[in-house]
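Read the structure below first, then the notes.
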Amino acid sequence: MPLPDVSVVLPCAGFGTRFGAPYPKELHSLAPGVTVLDRSLEGVVALADSGLEVRLVVVCRPHKLDTVSYLARYAGKFQIVFVFQDEAFEPGLEGAIRSALPMTHGPVALVLPDIVVSGAESLLSAVRQLSTTDWSVVAVEERDSGVLREMGALAVTGENGVAKVEAAAEKPDDPTGFNAFWGMVAVSEHEAHRLPDVVRKGADNPLAGAFALLVDRIVNYNTPGG
């Protein structure tokens, strides 16, 4: 297996209790033959189509074998590596990222299987920004305090779709001053060890100072009404 140009962490180990369906939330159908997972991977497909060697590191647990089987359709598009979430780490998203990092090489992108971002080229643009910065995000403007409390909230400044992150917090109790949230994150190889802090509530969030590419829409399918 050749070394990848970019690695993508895809955490699929969650139990989806908020989603409330008898199947994994990422396999929810949006159209005939199209699931949430397909839509969330559009940016990863664009990375591969650009000529980059892409390694997708999927973090799973035994109850997600349907998702493992579904991902077989992408075996010819990019490398796929499956790892079980290490129970010695934190049980949530932070632990999933820590479980994946040993299998990554090169710049690392974090893509969530229940988040769909408009613009298939947005992740590619974020990764390309790593030539001049260590961190970049794909984000959307948001003013609803209820939404910001449930997402990776950002305070961004800028215009014409390009912005800078002035501050960041995971699911802040007080979202005052935040005006956006991220849908995907890209980080340089030498800063990738800090990626778990992006999703750790109360952490010194490394996204402060990051480049932000603003898109029109980011949809969270973590609940059936998402």
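Residues are named by chain letter and number: chains run A, B, ... in the order of the structure tokens, numbers start at 1 in each chain, and ligands are numbered from 1 in the order shown.
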Close residues, Ala210 of chain A itself excluded, 10 Å, only C-alpha atoms, min 4 positions apart in chain, as a list in words: Gln129, Leu130, Thr133, Asp134, Trp135, Ser136, Val137, Val156, Ala163, Lys164, Val165, Glu166, Ala167, Ala168, Val185, Ala186, Val187 and Pro206 of chain A
Residue neighbourhood Asp144 of chain A, 12 Å, only C-alpha atoms, exclusion window fewer than 2 positions, as number ranges by chain: A: 140-142, 146-151, 153, 174-181
Which residue of A:Ala139, A:Leu10, A:Ser29, A:Arg200 approaches Val117 of chain A most closely, using only C-alpha atoms: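 Answer, going by the shortest atom-to-atom distance: A:Ala139.
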DSSP-assigned alpha helix (DSSP H) members of chain A, reported as a VMD selection string: chain A and resid 36 to 40 42 to 49 65 to 70 93 to 100 122 to 128 145 to 148 195 to 198
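For the residues A:Ala192, A:Leu52, A:Val219, A:Leu65, ranking by smallest atom-to-atom distance to Leu112 of chain A using only C-alpha atoms places A:Val219 first.
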DSSP strand (DSSP E or B) residues within segment 6-217 of chain A, as a VMD selection string: chain A and resid 6 to 11 29 to 31 34 to 35 54 to 60 79 to 84 108 to 111 115 to 117 135 to 141 152 to 159 162 to 170 180 to 187 211 to 214
Spatial neighbours of Asn160 of chain A, max dist 12 Å, only C-alpha atoms, sep filter under 2 positions, as a PyMOL selection string: chain A and resi 157-158+162-164+212-216
Polymer residues at most 10 Å from Ile115 of chain A, only C-alpha atoms, same-chain spacing of 2 or more positions, as an mmCIF file with C-alpha atoms, in the first residue's frame:
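As a result, part_32.cif now contains:
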```cif
data_model
loop_
_atom_site.group_PDB
_atom_site.id
_atom_site.type_symbol
_atom_site.label_atom_id
_atom_site.label_comp_id
_atom_site.auth_asym_id
_atom_site.auth_seq_id
_atom_site.Cartn_x
_atom_site.Cartn_y
_atom_site.Cartn_z
ATOM 1 C CA GLU A 26 -24.889 7.427 8.196
ATOM 2 C CA VAL A 36 -25.910 10.379 4.197
ATOM 3 C CA LEU A 37 -22.533 8.630 4.149
ATOM 4 C CA ARG A 39 -22.954 12.692 0.642
ATOM 5 C CA SER A 40 -20.511 13.176 3.503
ATOM 6 C CA LEU A 41 -17.784 11.445 1.462
ATOM 7 C CA VAL A 111 -14.847 14.179 8.099
ATOM 8 C CA LEU A 112 -17.934 13.270 10.120
ATOM 9 C CA PRO A 113 -20.275 10.669 8.597
ATOM 10 C CA VAL A 117 -21.190 19.961 3.420
ATOM 11 C CA TRP A 182 -17.266 23.921 11.151
ATOM 12 C CA GLY A 183 -18.204 20.894 9.073
ATOM 13 C CA MET A 184 -14.736 19.551 8.160
ATOM 14 C CA ILE A 218 -23.820 22.352 6.242
ATOM 15 C CA VAL A 219 -26.453 19.850 7.372
ATOM 16 C CA ASN A 220 -26.201 17.797 10.567
ATOM 17 C CA TYR A 221 -28.041 14.467 10.226
ATOM 18 C CA ASN A 222 -27.428 13.450 13.832
ATOM 19 C CA GLY A 226 -31.558 17.015 10.637
#
```
Å distance separating atom CA of Ala120 of chain A from atom CA of Glu42 of chain A, one decimal place: 5.5 Å
Among the residues A:Gly51, A:Gly106, A:Pro11, A:Pro32, the one that comes closest to Lys64 of chain A [using only C-alpha atoms]: A:Pro11
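Taking atom CA of Glu189 of chain A and atom CA of Asp114 of chain A as endpoints, the distance between them is 24.7 Å.
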Atomic distance atom CA of Ser99 of chain A - atom CA of Cys60 of chain A, expressed in Å with one decimal: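 Between atom CA of Ser99 of chain A and atom CA of Cys60 of chain A the gap works out to 9.8 Å.
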Test item: residues at most 9 Å from Phe82 of chain A, only C-alpha atoms, excluding those fewer than 5 positions along its chain, as a count of residues only: 7
Proximity to His190 of chain A - best of A:Pro107, A:Leu30, A:Arg143, A:Pro62, only C-alpha atoms: A:Pro107
